[in-house]
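**Student:** Data: run-v5.pdb, PDB, C-alpha atoms and all ligand atoms.
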```pdb
ATOM      1  CA  MET Z  74      28.835   7.978   2.892
ATOM      2  CA  SER Z  75      26.927   4.963   1.658
ATOM      3  CA  ALA Z  76      23.324   4.457   2.777
ATOM      4  CA  SER Z  77      22.011   1.338   4.524
ATOM      5  CA  ILE Z  78      19.656  -0.538   2.263
ATOM      6  CA  ILE Z  79      16.167  -1.038   3.746
ATOM      7  CA  ASP Z  80      15.263  -4.615   2.837
ATOM      8  CA  GLY Z  81      11.490  -4.539   2.306
ATOM      9  CA  LYS Z  82      11.517  -8.023   0.802
ATOM     10  CA  ALA Z  83      12.931  -9.525   4.025
ATOM     11  CA  PHE Z  84      10.648  -7.390   6.236
ATOM     12  CA  ALA Z  85       7.586  -8.483   4.219
ATOM     13  CA  ALA Z  86       8.627 -12.154   4.534
ATOM     14  CA  GLY Z  87       8.847 -11.763   8.336
ATOM     15  CA  LEU Z  88       5.455 -10.034   8.417
ATOM     16  CA  ARG Z  89       3.863 -12.860   6.389
ATOM     17  CA  GLU Z  90       5.342 -15.382   8.816
ATOM     18  CA  ARG Z  91       3.743 -13.580  11.788
ATOM     19  CA  ILE Z  92       0.429 -13.417   9.890
ATOM     20  CA  GLY Z  93       0.628 -17.167   9.191
ATOM     21  CA  VAL Z  94       0.871 -17.880  12.925
ATOM     22  CA  LEU Z  95      -2.109 -15.588  13.626
ATOM     23  CA  ALA Z  96      -4.108 -17.150  10.763
ATOM     24  CA  SER Z  97      -3.798 -20.675  12.204
ATOM     25  CA  ALA Z  98      -4.700 -19.440  15.698
ATOM     26  CA  PHE Z  99      -7.709 -17.656  14.164
ATOM     27  CA  GLU Z 100      -8.818 -20.832  12.369
ATOM     28  CA  ALA Z 101      -8.606 -22.820  15.621
ATOM     29  CA  ALA Z 102     -10.593 -20.166  17.533
ATOM     30  CA  ALA Z 103     -13.210 -19.296  14.881
ATOM     31  CA  GLY Z 104     -13.678 -22.718  13.282
ATOM     32  CA  ARG Z 105     -13.045 -21.242   9.839
ATOM     33  CA  LYS Z 106     -10.231 -19.606   7.903
ATOM     34  CA  ALA Z 107      -9.924 -15.834   7.533
ATOM     35  CA  GLY Z 108     -11.060 -14.948   3.995
ATOM     36  CA  LEU Z 109     -10.037 -12.335   1.432
ATOM     37  CA  ALA Z 110     -12.123 -11.688  -1.697
ATOM     38  CA  VAL Z 111     -10.397 -10.029  -4.655
ATOM     39  CA  VAL Z 112     -12.438  -8.717  -7.575
ATOM     40  CA  LEU Z 113     -10.759  -8.099 -10.940
ATOM     41  CA  VAL Z 114     -12.704  -6.534 -13.791
ATOM     42  CA  GLY Z 115     -11.137  -6.778 -17.244
ATOM     43  CA  GLU Z 116      -7.783  -8.032 -18.501
ATOM     44  CA  ASP Z 117      -5.220  -5.372 -17.515
ATOM     45  CA  PRO Z 118      -1.952  -7.419 -17.519
ATOM     46  CA  ALA Z 119      -0.376  -5.664 -14.488
ATOM     47  CA  SER Z 120      -3.596  -6.120 -12.467
ATOM     48  CA  GLN Z 121      -3.715  -9.819 -13.425
ATOM     49  CA  VAL Z 122      -0.180 -10.287 -12.054
ATOM     50  CA  TYR Z 123      -1.070  -8.440  -8.785
ATOM     51  CA  VAL Z 124      -4.231 -10.494  -8.307
ATOM     52  CA  ARG Z 125      -2.418 -13.788  -8.958
ATOM     53  CA  ASN Z 126       0.278 -12.868  -6.391
ATOM     54  CA  LYS Z 127      -2.335 -11.773  -3.842
ATOM     55  CA  GLY Z 128      -4.157 -15.105  -4.203
ATOM     56  CA  LYS Z 129      -0.962 -17.163  -3.850
ATOM     57  CA  GLN Z 130       0.247 -15.259  -0.776
ATOM     58  CA  THR Z 131      -3.194 -15.346   0.886
ATOM     59  CA  ILE Z 132      -3.241 -19.151   0.631
ATOM     60  CA  ALA Z 133       0.429 -19.433   1.689
ATOM     61  CA  CYS Z 134      -0.465 -17.527   4.899
ATOM     62  CA  GLY Z 135      -3.243 -20.020   5.694
ATOM     63  CA  MET Z 136      -6.182 -17.852   4.662
ATOM     64  CA  GLU Z 137      -8.992 -18.435   2.170
ATOM     65  CA  SER Z 138      -8.740 -16.632  -1.194
ATOM     66  CA  PHE Z 139     -11.916 -15.898  -3.160
ATOM     67  CA  GLU Z 140     -11.179 -14.623  -6.681
ATOM     68  CA  HIS Z 141     -13.865 -13.049  -8.838
ATOM     69  CA  LYS Z 142     -12.764 -12.329 -12.412
ATOM     70  CA  LEU Z 143     -15.336 -10.395 -14.422
ATOM     71  CA  PRO Z 144     -15.199  -9.414 -18.108
ATOM     72  CA  ALA Z 145     -14.331  -5.785 -18.944
ATOM     73  CA  GLU Z 146     -17.871  -5.172 -20.249
ATOM     74  CA  THR Z 147     -19.507  -6.086 -16.898
ATOM     75  CA  SER Z 148     -22.090  -3.456 -15.947
ATOM     76  CA  GLU Z 149     -21.536  -1.266 -12.887
ATOM     77  CA  ALA Z 150     -24.829  -2.606 -11.455
ATOM     78  CA  ASP Z 151     -23.547  -6.197 -11.684
ATOM     79  CA  LEU Z 152     -20.279  -5.254  -9.956
ATOM     80  CA  LEU Z 153     -22.180  -3.446  -7.179
ATOM     81  CA  ALA Z 154     -24.390  -6.520  -6.738
ATOM     82  CA  LEU Z 155     -21.291  -8.729  -6.356
ATOM     83  CA  VAL Z 156     -19.857  -6.341  -3.740
ATOM     84  CA  GLU Z 157     -23.161  -6.508  -1.815
ATOM     85  CA  THR Z 158     -23.039 -10.327  -1.923
ATOM     86  CA  LEU Z 159     -19.473 -10.266  -0.529
ATOM     87  CA  ASN Z 160     -20.530  -7.745   2.165
ATOM     88  CA  ALA Z 161     -23.176 -10.236   3.322
ATOM     89  CA  ASP Z 162     -20.939 -13.350   3.133
ATOM     90  CA  PRO Z 163     -19.676 -14.334   6.618
ATOM     91  CA  ALA Z 164     -16.743 -16.270   5.085
ATOM     92  CA  VAL Z 165     -15.391 -13.018   3.586
ATOM     93  CA  ASP Z 166     -13.476 -10.791   6.037
ATOM     94  CA  GLY Z 167     -11.790  -8.510   3.505
ATOM     95  CA  ILE Z 168     -12.864  -7.226   0.082
ATOM     96  CA  LEU Z 169     -10.505  -5.714  -2.478
ATOM     97  CA  VAL Z 170     -11.722  -4.422  -5.831
ATOM     98  CA  GLN Z 171      -8.649  -4.108  -8.021
ATOM     99  CA  LEU Z 172      -8.150  -0.620  -9.473
ATOM    100  CA  PRO Z 173      -8.203   0.822 -12.048
ATOM    101  CA  LEU Z 174     -11.725  -0.165 -13.084
ATOM    102  CA  PRO Z 175     -12.914   0.124 -16.715
ATOM    103  CA  ALA Z 176     -13.828   3.697 -17.704
ATOM    104  CA  HIS Z 177     -17.603   3.081 -17.701
ATOM    105  CA  MET Z 178     -17.540   2.441 -13.931
ATOM    106  CA  ASN Z 179     -17.567   5.016 -11.141
ATOM    107  CA  GLU Z 180     -14.718   3.938  -8.829
ATOM    108  CA  GLN Z 181     -15.906   6.080  -5.920
ATOM    109  CA  LYS Z 182     -19.368   4.556  -6.098
ATOM    110  CA  VAL Z 183     -17.924   1.031  -6.111
ATOM    111  CA  ILE Z 184     -15.605   1.760  -3.155
ATOM    112  CA  ALA Z 185     -18.493   3.391  -1.261
ATOM    113  CA  THR Z 186     -20.495   0.154  -1.595
ATOM    114  CA  ILE Z 187     -17.856  -1.946   0.226
ATOM    115  CA  ASN Z 188     -18.661  -2.470   3.932
ATOM    116  CA  PRO Z 189     -16.042  -0.219   5.662
ATOM    117  CA  ASP Z 190     -15.329  -3.046   8.141
ATOM    118  CA  LYS Z 191     -14.311  -5.297   5.212
ATOM    119  CA  ASP Z 192     -12.462  -2.518   3.330
ATOM    120  CA  VAL Z 193      -8.928  -3.911   3.760
ATOM    121  CA  ASP Z 194      -7.647  -1.399   1.153
ATOM    122  CA  GLY Z 195      -8.666   1.486   3.459
ATOM    123  CA  PHE Z 196     -10.127   3.413   0.496
ATOM    124  CA  HIS Z 197     -13.706   3.918   1.796
ATOM    125  CA  VAL Z 198     -14.380   7.492   3.003
ATOM    126  CA  VAL Z 199     -15.303   6.108   6.420
ATOM    127  CA  ASN Z 200     -11.798   4.650   6.748
ATOM    128  CA  VAL Z 201     -10.233   7.841   5.347
ATOM    129  CA  GLY Z 202     -12.115   9.749   8.063
ATOM    130  CA  ARG Z 203     -11.131   7.265  10.760
ATOM    131  CA  LEU Z 204      -7.453   7.654   9.802
ATOM    132  CA  ALA Z 205      -7.721  11.451   9.831
ATOM    133  CA  THR Z 206      -9.341  11.479  13.277
ATOM    134  CA  GLY Z 207      -7.260   8.717  14.887
ATOM    135  CA  LEU Z 208     -10.042   6.120  15.115
ATOM    136  CA  PRO Z 209      -9.345   2.427  14.473
ATOM    137  CA  GLY Z 210     -10.143   1.468  10.892
ATOM    138  CA  PHE Z 211      -8.175   0.274   7.889
ATOM    139  CA  VAL Z 212      -5.191   2.141   6.449
ATOM    140  CA  PRO Z 213      -4.124   1.843   2.779
ATOM    141  CA  CYS Z 214      -1.515  -0.899   2.442
ATOM    142  CA  THR Z 215       1.382   0.868   0.721
ATOM    143  CA  PRO Z 216       1.663   3.855   3.115
ATOM    144  CA  LEU Z 217       1.186   1.603   6.156
ATOM    145  CA  GLY Z 218       4.020  -0.572   4.825
ATOM    146  CA  CYS Z 219       6.216   2.548   4.442
ATOM    147  CA  VAL Z 220       5.600   3.535   8.082
ATOM    148  CA  MET Z 221       6.427  -0.003   9.246
ATOM    149  CA  LEU Z 222       9.766   0.182   7.391
ATOM    150  CA  LEU Z 223      10.482   3.676   8.790
ATOM    151  CA  LYS Z 224       9.778   2.644  12.393
ATOM    152  CA  ASP Z 225      11.853  -0.498  11.966
ATOM    153  CA  GLN Z 226      14.743   1.627  10.689
ATOM    154  CA  LEU Z 227      14.477   4.673  12.962
ATOM    155  CA  GLY Z 228      12.490   3.634  16.031
ATOM    156  CA  SER Z 229      10.526   6.723  17.057
ATOM    157  CA  LEU Z 230       9.718   9.192  14.263
ATOM    158  CA  SER Z 231       8.640  11.886  16.745
ATOM    159  CA  GLY Z 232       9.739  15.416  15.874
ATOM    160  CA  LEU Z 233      11.312  14.493  12.533
ATOM    161  CA  ASP Z 234      10.770  16.615   9.412
ATOM    162  CA  ALA Z 235       9.070  14.516   6.714
ATOM    163  CA  VAL Z 236       8.356  15.366   3.086
ATOM    164  CA  VAL Z 237       5.846  13.341   1.110
ATOM    165  CA  ILE Z 238       6.138  13.931  -2.635
ATOM    166  CA  GLY Z 239       2.770  13.132  -4.209
ATOM    167  CA  ARG Z 240      -0.784  13.761  -3.019
ATOM    168  CA  SER Z 241      -2.723  10.733  -4.281
ATOM    169  CA  ASN Z 242      -5.586   9.254  -2.255
ATOM    170  CA  ILE Z 243      -3.850   5.848  -2.284
ATOM    171  CA  VAL Z 244      -0.371   6.879  -1.100
ATOM    172  CA  GLY Z 245       0.433  10.584  -0.582
ATOM    173  CA  LYS Z 246      -2.523  11.723   1.546
ATOM    174  CA  PRO Z 247      -2.726   8.670   3.858
ATOM    175  CA  MET Z 248       1.083   8.708   4.155
ATOM    176  CA  ALA Z 249       0.924  12.301   5.409
ATOM    177  CA  GLN Z 250      -1.796  11.359   7.929
ATOM    178  CA  LEU Z 251       0.234   8.424   9.243
ATOM    179  CA  LEU Z 252       3.351  10.593   9.652
ATOM    180  CA  ILE Z 253       1.313  13.237  11.515
ATOM    181  CA  ALA Z 254       0.084  10.455  13.819
ATOM    182  CA  GLU Z 255       3.759   9.544  14.432
ATOM    183  CA  SER Z 256       4.381  13.205  15.470
ATOM    184  CA  CYS Z 257       6.426  14.171  12.407
ATOM    185  CA  THR Z 258       6.335  17.686  10.953
ATOM    186  CA  VAL Z 259       4.894  16.921   7.527
ATOM    187  CA  THR Z 260       5.111  18.727   4.202
ATOM    188  CA  VAL Z 261       3.163  17.389   1.214
ATOM    189  CA  ALA Z 262       4.850  18.381  -2.038
ATOM    190  CA  HIS Z 263       3.369  17.892  -5.513
ATOM    191  CA  SER Z 264       3.655  18.942  -9.148
ATOM    192  CA  ARG Z 265       2.924  22.611  -8.317
ATOM    193  CA  THR Z 266       5.456  22.859  -5.470
ATOM    194  CA  ARG Z 267       7.716  25.824  -6.266
ATOM    195  CA  ASP Z 268      11.182  24.722  -5.170
ATOM    196  CA  LEU Z 269      11.027  20.962  -4.669
ATOM    197  CA  PRO Z 270      14.807  20.445  -4.202
ATOM    198  CA  ASP Z 271      14.763  23.040  -1.399
ATOM    199  CA  VAL Z 272      11.747  21.429   0.303
ATOM    200  CA  VAL Z 273      13.326  17.961   0.091
ATOM    201  CA  ARG Z 274      16.666  19.264   1.442
ATOM    202  CA  ARG Z 275      15.017  20.082   4.810
ATOM    203  CA  ALA Z 276      13.619  16.589   5.363
ATOM    204  CA  ASP Z 277      14.844  13.851   7.702
ATOM    205  CA  ILE Z 278      12.362  11.516   5.953
ATOM    206  CA  VAL Z 279      11.599  11.647   2.219
ATOM    207  CA  VAL Z 280       8.736   9.584   0.798
ATOM    208  CA  ALA Z 281       8.622   9.724  -3.005
ATOM    209  CA  ALA Z 282       5.323   8.693  -4.597
ATOM    210  CA  VAL Z 283       4.982  10.606  -7.846
ATOM    211  CA  GLY Z 284       5.367   7.965 -10.556
ATOM    212  CA  ARG Z 285       8.192   9.800 -12.343
ATOM    213  CA  PRO Z 286      11.313   7.708 -12.955
ATOM    214  CA  GLU Z 287      14.401   8.809 -10.957
ATOM    215  CA  MET Z 288      13.052  12.328 -10.432
ATOM    216  CA  VAL Z 289      14.457  12.884  -6.917
ATOM    217  CA  LYS Z 290      18.206  13.511  -7.154
ATOM    218  CA  GLY Z 291      20.923  12.786  -4.633
ATOM    219  CA  GLU Z 292      21.860  16.451  -4.326
ATOM    220  CA  TRP Z 293      18.337  17.216  -3.026
ATOM    221  CA  ILE Z 294      18.750  14.816  -0.086
ATOM    222  CA  LYS Z 295      19.849  15.991   3.362
ATOM    223  CA  PRO Z 296      22.910  13.939   4.397
ATOM    224  CA  GLY Z 297      21.796  11.031   6.589
ATOM    225  CA  ALA Z 298      18.087  11.303   5.687
ATOM    226  CA  THR Z 299      15.909   8.193   5.314
ATOM    227  CA  VAL Z 300      14.502   7.806   1.806
ATOM    228  CA  ILE Z 301      11.425   5.706   1.025
ATOM    229  CA  ASP Z 302      10.862   5.181  -2.692
ATOM    230  CA  VAL Z 303       7.300   4.145  -3.572
ATOM    231  CA  GLY Z 304       7.773   4.471  -7.345
ATOM    232  CA  ILE Z 305       7.748   1.457  -9.639
ATOM    233  CA  ASN Z 306       8.530   2.655 -13.158
ATOM    234  CA  ARG Z 307       9.453   0.489 -16.112
ATOM    235  CA  VAL Z 308      12.060   2.160 -18.329
ATOM    236  CA  ALA Z 309      14.188   1.077 -21.295
ATOM    237  CA  GLY Z 310      17.164  -1.044 -20.258
ATOM    238  CA  ALA Z 311      20.785  -0.814 -21.437
ATOM    239  CA  GLN Z 312      20.191  -3.562 -24.025
ATOM    240  CA  GLU Z 313      17.750  -2.942 -26.855
ATOM    241  CA  GLY Z 314      14.349  -4.530 -26.238
ATOM    242  CA  LYS Z 315      15.049  -4.984 -22.513
ATOM    243  CA  SER Z 316      13.402  -2.981 -19.753
ATOM    244  CA  ARG Z 317      14.190  -2.482 -16.069
ATOM    245  CA  LEU Z 318      12.369  -1.192 -12.986
ATOM    246  CA  VAL Z 319      13.395   2.092 -11.357
ATOM    247  CA  GLY Z 320      11.884   4.126  -8.546
ATOM    248  CA  ASP Z 321      11.006   7.816  -8.275
ATOM    249  CA  VAL Z 322      14.426   8.388  -6.662
ATOM    250  CA  ASP Z 323      17.730   8.381  -8.524
ATOM    251  CA  PHE Z 324      19.126   5.532  -6.442
ATOM    252  CA  ALA Z 325      22.749   5.842  -7.662
ATOM    253  CA  SER Z 326      23.142   9.435  -6.445
ATOM    254  CA  ALA Z 327      20.730   9.330  -3.467
ATOM    255  CA  SER Z 328      22.361   6.259  -1.923
ATOM    256  CA  THR Z 329      25.655   8.138  -1.576
ATOM    257  CA  VAL Z 330      23.993  10.848   0.573
ATOM    258  CA  ALA Z 331      21.085   9.210   2.443
ATOM    259  CA  GLY Z 332      21.451   7.397   5.755
ATOM    260  CA  ALA Z 333      19.080   4.658   4.617
ATOM    261  CA  ILE Z 334      17.137   4.035   1.419
ATOM    262  CA  THR Z 335      14.681   1.508  -0.034
ATOM    263  CA  PRO Z 336      15.781  -0.101  -3.311
ATOM    264  CA  VAL Z 337      13.515  -0.682  -6.328
ATOM    265  CA  PRO Z 338      12.713  -3.520  -6.662
ATOM    266  CA  GLY Z 339      12.826  -5.106  -3.193
ATOM    267  CA  GLY Z 340      11.921  -2.096  -1.049
ATOM    268  CA  VAL Z 341       8.339  -0.866  -0.643
ATOM    269  CA  GLY Z 342       6.879  -3.113  -3.399
ATOM    270  CA  PRO Z 343       6.799  -6.411  -1.440
ATOM    271  CA  MET Z 344       5.229  -4.635   1.545
ATOM    272  CA  THR Z 345       1.893  -3.838  -0.144
ATOM    273  CA  ILE Z 346       0.532  -7.403  -0.351
ATOM    274  CA  ALA Z 347       2.004  -8.333   3.065
ATOM    275  CA  VAL Z 348       0.134  -5.393   4.648
ATOM    276  CA  LEU Z 349      -3.038  -6.373   2.769
ATOM    277  CA  LEU Z 350      -2.814  -9.785   4.466
ATOM    278  CA  ARG Z 351      -2.169  -8.018   7.786
ATOM    279  CA  ASN Z 352      -5.311  -5.927   7.307
ATOM    280  CA  THR Z 353      -7.261  -9.090   6.407
ATOM    281  CA  ILE Z 354      -6.261 -10.995   9.561
ATOM    282  CA  VAL Z 355      -7.104  -7.865  11.598
ATOM    283  CA  ALA Z 356     -10.521  -7.667   9.874
ATOM    284  CA  ALA Z 357     -11.162 -11.358  10.562
ATOM    285  CA  HIS Z 358     -10.514 -10.933  14.293
ATOM    286  CA  ARG Z 359     -12.681  -7.812  14.503
ATOM    287  CA  ASN Z 360     -15.520  -9.397  12.502
ATOM    288  CA  ALA Z 361     -15.448 -12.574  14.607
ATOM    289  CA  GLY Z 362     -15.108 -10.661  17.901
ATOM    290  CA  ILE Z 363     -11.788 -12.385  18.725
ATOM    291  CA  ALA Z 364      -9.227 -10.270  20.610
ATOM    292  CA  LEU Z 365      -5.932  -9.422  18.854
ATOM    293  CA  ASP Z 366      -3.038  -7.163  19.821
ATOM    294  CA  GLU Z 367      -2.977  -5.289  16.497
ATOM    295  CA  SER Z 368       0.023  -3.160  17.467
ATOM    296  CA  ALA Z 369       2.190  -6.284  17.794
ATOM    297  CA  ILE Z 370       1.800  -7.390  14.140
TER     298      ILE Z 370
HETATM  299  N1  LIG J 401      -4.188  -1.245  -7.965
HETATM  300  C1  LIG J 401      -2.872  -1.040  -7.733
HETATM  301  N2  LIG J 401      -2.618  -1.091  -6.405
HETATM  302  C2  LIG J 401      -3.784  -1.326  -5.791
HETATM  303  C3  LIG J 401      -4.175  -1.505  -4.419
HETATM  304  O1  LIG J 401      -3.351  -1.429  -3.486
HETATM  305  N3  LIG J 401      -5.487  -1.759  -4.211
HETATM  306  C4  LIG J 401      -6.390  -1.838  -5.217
HETATM  307  N4  LIG J 401      -7.659  -2.078  -4.903
HETATM  308  N5  LIG J 401      -6.081  -1.681  -6.497
HETATM  309  C5  LIG J 401      -4.779  -1.428  -6.770
END
```
Using the file provided, produce a representation of the structure as C-alpha cells.
**Tutor:**
Amino acid sequence: MSASIIDGKAFAAGLRERIGVLASAFEAAAGRKAGLAVVLVGEDPASQVYVRNKGKQTIACGMESFEHKLPAETSEADLLALVETLNADPAVDGILVQLPLPAHMNEQKVIATINPDKDVDGFHVVNVGRLATGLPGFVPCTPLGCVMLLKDQLGSLSGLDAVVIGRSNIVGKPMAQLLIAESCTVTVAHSRTRDLPDVVRRADIVVAAVGRPEMVKGEWIKPGATVIDVGINRVAGAQEGKSRLVGDVDFASASTVAGAITPVPGGVGPMTIAVLLRNTIVAAHRNAGIALDESAI
C-alpha cells in the first residue's frame, strides 16, 4: 500500500486565503488593520529566516507587521519594557517573542509578561490552562496546524487511538490536549518510553515531534494509520557539502504502510505561520469586539 500524501503547503495556502478575506473585512469594520508584532533578540540565522517569512506573510494577508529586532546583549528589563509597550498598543493584536532567547534571559518570565489576550503563540500559562480546561484562548500554532490537517484528512477523530511522541511545551503537550478535546484516546511517548515501537503500533494517529531524524520506522506503523511528522532536521545529503531536510519519521518505509502521511518539507512546516496569522486575526476580532465564527476558519 502507498500512503496518501497530506499536502500541508496547499492547505496552508488555502488557510492564508481565507485569512486574507477576513483581514480586509476586519479593516473595513474596525477602521484599522489587524496587527502582529514580532520581537527577535539576537542574530540566530534560523530565527531570522522565520521572522522574515512571518513578516512577509503577515503583509501578504493584509495585516500590519511590526518587527522589533534587538541586539543579543539587550537586557531582560529592556525586553520586558518593550513587551509592556506592545501590550498597551491598540494597533497590536498579537505579540510573538521569537524563541530561543539569549541565555541571560528568563523565557518564562518574558512569556508571562505578554498579555494572554495578545499571546498568539499560546505559550502563556493562562492560555495553557484555558486549553487544558476547554476555555477559549490561544493554542500553539504547530499543534493546532496538525489537528487541522488531521480533521481535513479524517473528518471526525472521535474514538481513535493517538500517540504523540515528544512532550515539549510547544508541541507534544498541547498536541495531546487538542487530541483529548477531539475525543481521541491519547498516549504521550517520550525518551523514557519502554517499548516505543509497540506503543506506536497501536495508534491510528501518530504525531512525531522529537527532533530526531528518521527515528520512527515504517515497521512500527499500524497499516492504514495517519502519520503527522513535525520534525524538521537538517542532515548530510548524498553529495558532499550538501544537506537535506528530513522529518522524525523514516518517510521511505512509513509511506509504504501508513494510510496518509505528511512529507518533510511541505507537510506540517508551512502550517505554523499560517496558523499564527489565523490566531492573529482571531485576536484582532476579540480585541475589537467584532464577532467572528472562529470554527469556520
Ligand atoms: N521558535 C521556533 N518556533 C517558534 C514559535 O512557533 N514561536 C516562537 N515564539 N518562537 C519559535
**Student:** Identify which of the residues Z:Pro343, Z:Gly291, Z:Gly167, Z:Pro296 lies closest to Phe324 (chain Z), counting all atoms listed in the file when measuring atom-to-atom distances.
**Tutor:**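 Ranking Z:Pro343, Z:Gly291, Z:Gly167, Z:Pro296 by distance to Phe324 (chain Z), first place goes to Z:Gly291.
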**Student:** I'd like the contact shell of Val355 (chain Z) - 10 Å cut-off, all atoms listed in the file, skipping same-chain residues fewer than 3 positions apart - returned as a VMD selection string.
**Tutor:** chain Z and resid 92 95 to 96 107 166 to 167 191 193 210 to 211 349 to 352 358 to 360 363 to 367 370
**Student:** Rank nothing, just name the residue among Z:Gly362, Z:Pro163, Z:Pro118, Z:Gly239 nearest to ligand LIG 401 (chain J), using all atoms listed in the file.
**Tutor:**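 When distances to ligand LIG 401 (chain J) are compared using all atoms listed in the file, the smallest one comes from Z:Pro118.
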**Student:** Could you list, as a PyMOL selection string, all the residues within 7 Å of ligand LIG 401 (chain J), counting all atoms listed in the file?
**Tutor:** chain Z and resi 120+169-173+194+214-215+345
**Student:** Which of these, Z:Glu255, Z:Asn200, Z:Ala119, Z:Ile346, has the shortest distance to Ala235 (chain Z) once you count all atoms listed in the file?
**Tutor:**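 Of Z:Glu255, Z:Asn200, Z:Ala119, Z:Ile346, the one nearest Ala235 (chain Z), counting all atoms listed in the file, is Z:Glu255.
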**Student:** Taking (-16.3, -0.8, 5.8) in the coordinates of the supplied file, I want to know which residues reach to within 9 Å of it, counting all atoms listed in the file; could you give the answer as number ranges by chain?
**Tutor:** Z: 160, 185-193, 195, 197-200, 210-211
**Student:** Let me see the file: selected residues, C-alpha atoms, as a compact mmCIF listing (two decimals), keeping the file's coordinate frame.
**Tutor:**
```txt
# COMPACT_ATOMS: atom_id res chain seq x y z
CA ASN Z 160 -20.53 -7.74 2.16
CA ALA Z 185 -18.49 3.39 -1.26
CA THR Z 186 -20.50 0.15 -1.60
CA ILE Z 187 -17.86 -1.95 0.23
CA ASN Z 188 -18.66 -2.47 3.93
CA PRO Z 189 -16.04 -0.22 5.66
CA ASP Z 190 -15.33 -3.05 8.14
CA LYS Z 191 -14.31 -5.30 5.21
CA ASP Z 192 -12.46 -2.52 3.33
CA VAL Z 193 -8.93 -3.91 3.76
CA GLY Z 195 -8.67 1.49 3.46
CA HIS Z 197 -13.71 3.92 1.80
CA VAL Z 198 -14.38 7.49 3.00
CA VAL Z 199 -15.30 6.11 6.42
CA ASN Z 200 -11.80 4.65 6.75
CA GLY Z 210 -10.14 1.47 10.89
CA PHE Z 211 -8.18 0.27 7.89
```
**Student:** Write out as a ChimeraX atom specification each polymer residue whose atoms come within 9 Å of Ser77 (chain Z), counting all atoms listed in the file; drop sequence neighbours fewer than 5 positions from it.
**Tutor:** /Z:328,331-335
**Student:** Please put the answer as JSON: centre and edge lengths, in Å with one decimal, of a box along x, y and z that encloses all listed atoms of region 300-309 of chain Z plus 4 Å on each side.
**Tutor:**
```
{"center_x": 10.9, "center_y": 4.1, "center_z": -9.7, "size_x": 15.2, "size_y": 15.3, "size_z": 31.1}
```
**Student:** For each of Z:Ser264, Z:Ser231, Z:Asn242, Z:Ser256, take the minimum atom-to-atom distance to Gln181 (chain Z), counting only C-alpha atoms, then give the residue where this is smallest.
**Tutor:**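 Closest residue, counting only C-alpha atoms: Z:Asn242.
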**Student:** If we count only C-alpha atoms, what is near region 319-321 of chain Z at a cut-off of 12 Å, once residues fewer than 2 positions away on the same chain are taken out, given as a ChimeraX atom specification?
**Tutor:** /Z:238-239,279-291,300-310,316-317,323-325,327,334-342
**Student:** Please report the interatomic distance between CA of Gly104 (chain Z) and CA of Ile354 (chain Z) in Å with one decimal.
**Tutor:**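 Calculated distance between CA of Gly104 (chain Z) and CA of Ile354 (chain Z) is 14.4 Å.
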**Student:** Which neighbours of region 138-145 of chain Z fall inside 6 Å, counting only C-alpha atoms, when residues of the same chain fewer than 2 positions from it are skipped, and could you give them as JSON, numbers by chain?
**Tutor:** {"Z": [108, 109, 110, 111, 112, 113, 114, 115, 128, 147]}
**Student:** For the file shown, what are the residues hit by the PyMOL selection byres (((chain Z and resi 84) around 10) and not hetatm), laid out as a tab-separated table (two decimals) with C-alpha atoms, in the frame of the given file?
**Tutor:**
```tsv
chain	number	residue	atom	x	y	z
Z	79	ILE	CA	16.17	-1.04	3.75
Z	80	ASP	CA	15.26	-4.62	2.84
Z	81	GLY	CA	11.49	-4.54	2.31
Z	82	LYS	CA	11.52	-8.02	0.80
Z	83	ALA	CA	12.93	-9.52	4.03
Z	85	ALA	CA	7.59	-8.48	4.22
Z	86	ALA	CA	8.63	-12.15	4.53
Z	87	GLY	CA	8.85	-11.76	8.34
Z	88	LEU	CA	5.46	-10.03	8.42
Z	89	ARG	CA	3.86	-12.86	6.39
Z	90	GLU	CA	5.34	-15.38	8.82
Z	218	GLY	CA	4.02	-0.57	4.82
Z	221	MET	CA	6.43	0.00	9.25
Z	222	LEU	CA	9.77	0.18	7.39
Z	225	ASP	CA	11.85	-0.50	11.97
Z	339	GLY	CA	12.83	-5.11	-3.19
Z	340	GLY	CA	11.92	-2.10	-1.05
Z	341	VAL	CA	8.34	-0.87	-0.64
Z	343	PRO	CA	6.80	-6.41	-1.44
Z	344	MET	CA	5.23	-4.64	1.54
Z	347	ALA	CA	2.00	-8.33	3.06
```
**Student:** May I ask for the distance between CA of Ile168 (chain Z) and CA of Leu208 (chain Z), given in Å to one decimal place?
**Tutor:**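 So the answer is 20.3 Å.
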**Student:** Please report the interatomic distance between CA of Leu159 (chain Z) and CA of Leu217 (chain Z) in Å with one decimal.
**Tutor:**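 Separating CA of Leu159 (chain Z) from CA of Leu217 (chain Z) is a distance of 24.7 Å.
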**Student:** Rank Z:Glu313, Z:Asp277, Z:Glu146, Z:Glu292 by their smallest atom-to-atom distance to Thr329 (chain Z), using all atoms listed in the file, and report the top residue only.
**Tutor:** Z:Glu292
**Student:** Name the closest residue to Glu157 (chain Z) among the candidates Z:Val273, Z:Ile184, Z:Ile132, Z:Ile294; distances are taken between atoms, counting all atoms listed in the file.
**Tutor:**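 Nearest to Glu157 (chain Z): Z:Ile184.
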**Student:** Given the PyMOL selection byres (((chain Z and resi 253) around 12) and not hetatm) and the file above, list the residues it selects as a compact mmCIF listing (two decimals) with C-alpha atoms, in the coordinates of the input.
**Tutor:**
```txt
# COMPACT_ATOMS: atom_id res chain seq x y z
CA LEU Z 204 -7.45 7.65 9.80
CA ALA Z 205 -7.72 11.45 9.83
CA THR Z 206 -9.34 11.48 13.28
CA GLY Z 207 -7.26 8.72 14.89
CA VAL Z 220 5.60 3.54 8.08
CA LEU Z 230 9.72 9.19 14.26
CA SER Z 231 8.64 11.89 16.74
CA GLY Z 232 9.74 15.42 15.87
CA LEU Z 233 11.31 14.49 12.53
CA ASP Z 234 10.77 16.61 9.41
CA ALA Z 235 9.07 14.52 6.71
CA VAL Z 236 8.36 15.37 3.09
CA VAL Z 237 5.85 13.34 1.11
CA LYS Z 246 -2.52 11.72 1.55
CA PRO Z 247 -2.73 8.67 3.86
CA MET Z 248 1.08 8.71 4.16
CA ALA Z 249 0.92 12.30 5.41
CA GLN Z 250 -1.80 11.36 7.93
CA LEU Z 251 0.23 8.42 9.24
CA LEU Z 252 3.35 10.59 9.65
CA ALA Z 254 0.08 10.46 13.82
CA GLU Z 255 3.76 9.54 14.43
CA SER Z 256 4.38 13.20 15.47
CA CYS Z 257 6.43 14.17 12.41
CA THR Z 258 6.34 17.69 10.95
CA VAL Z 259 4.89 16.92 7.53
CA THR Z 260 5.11 18.73 4.20
CA VAL Z 261 3.16 17.39 1.21
```
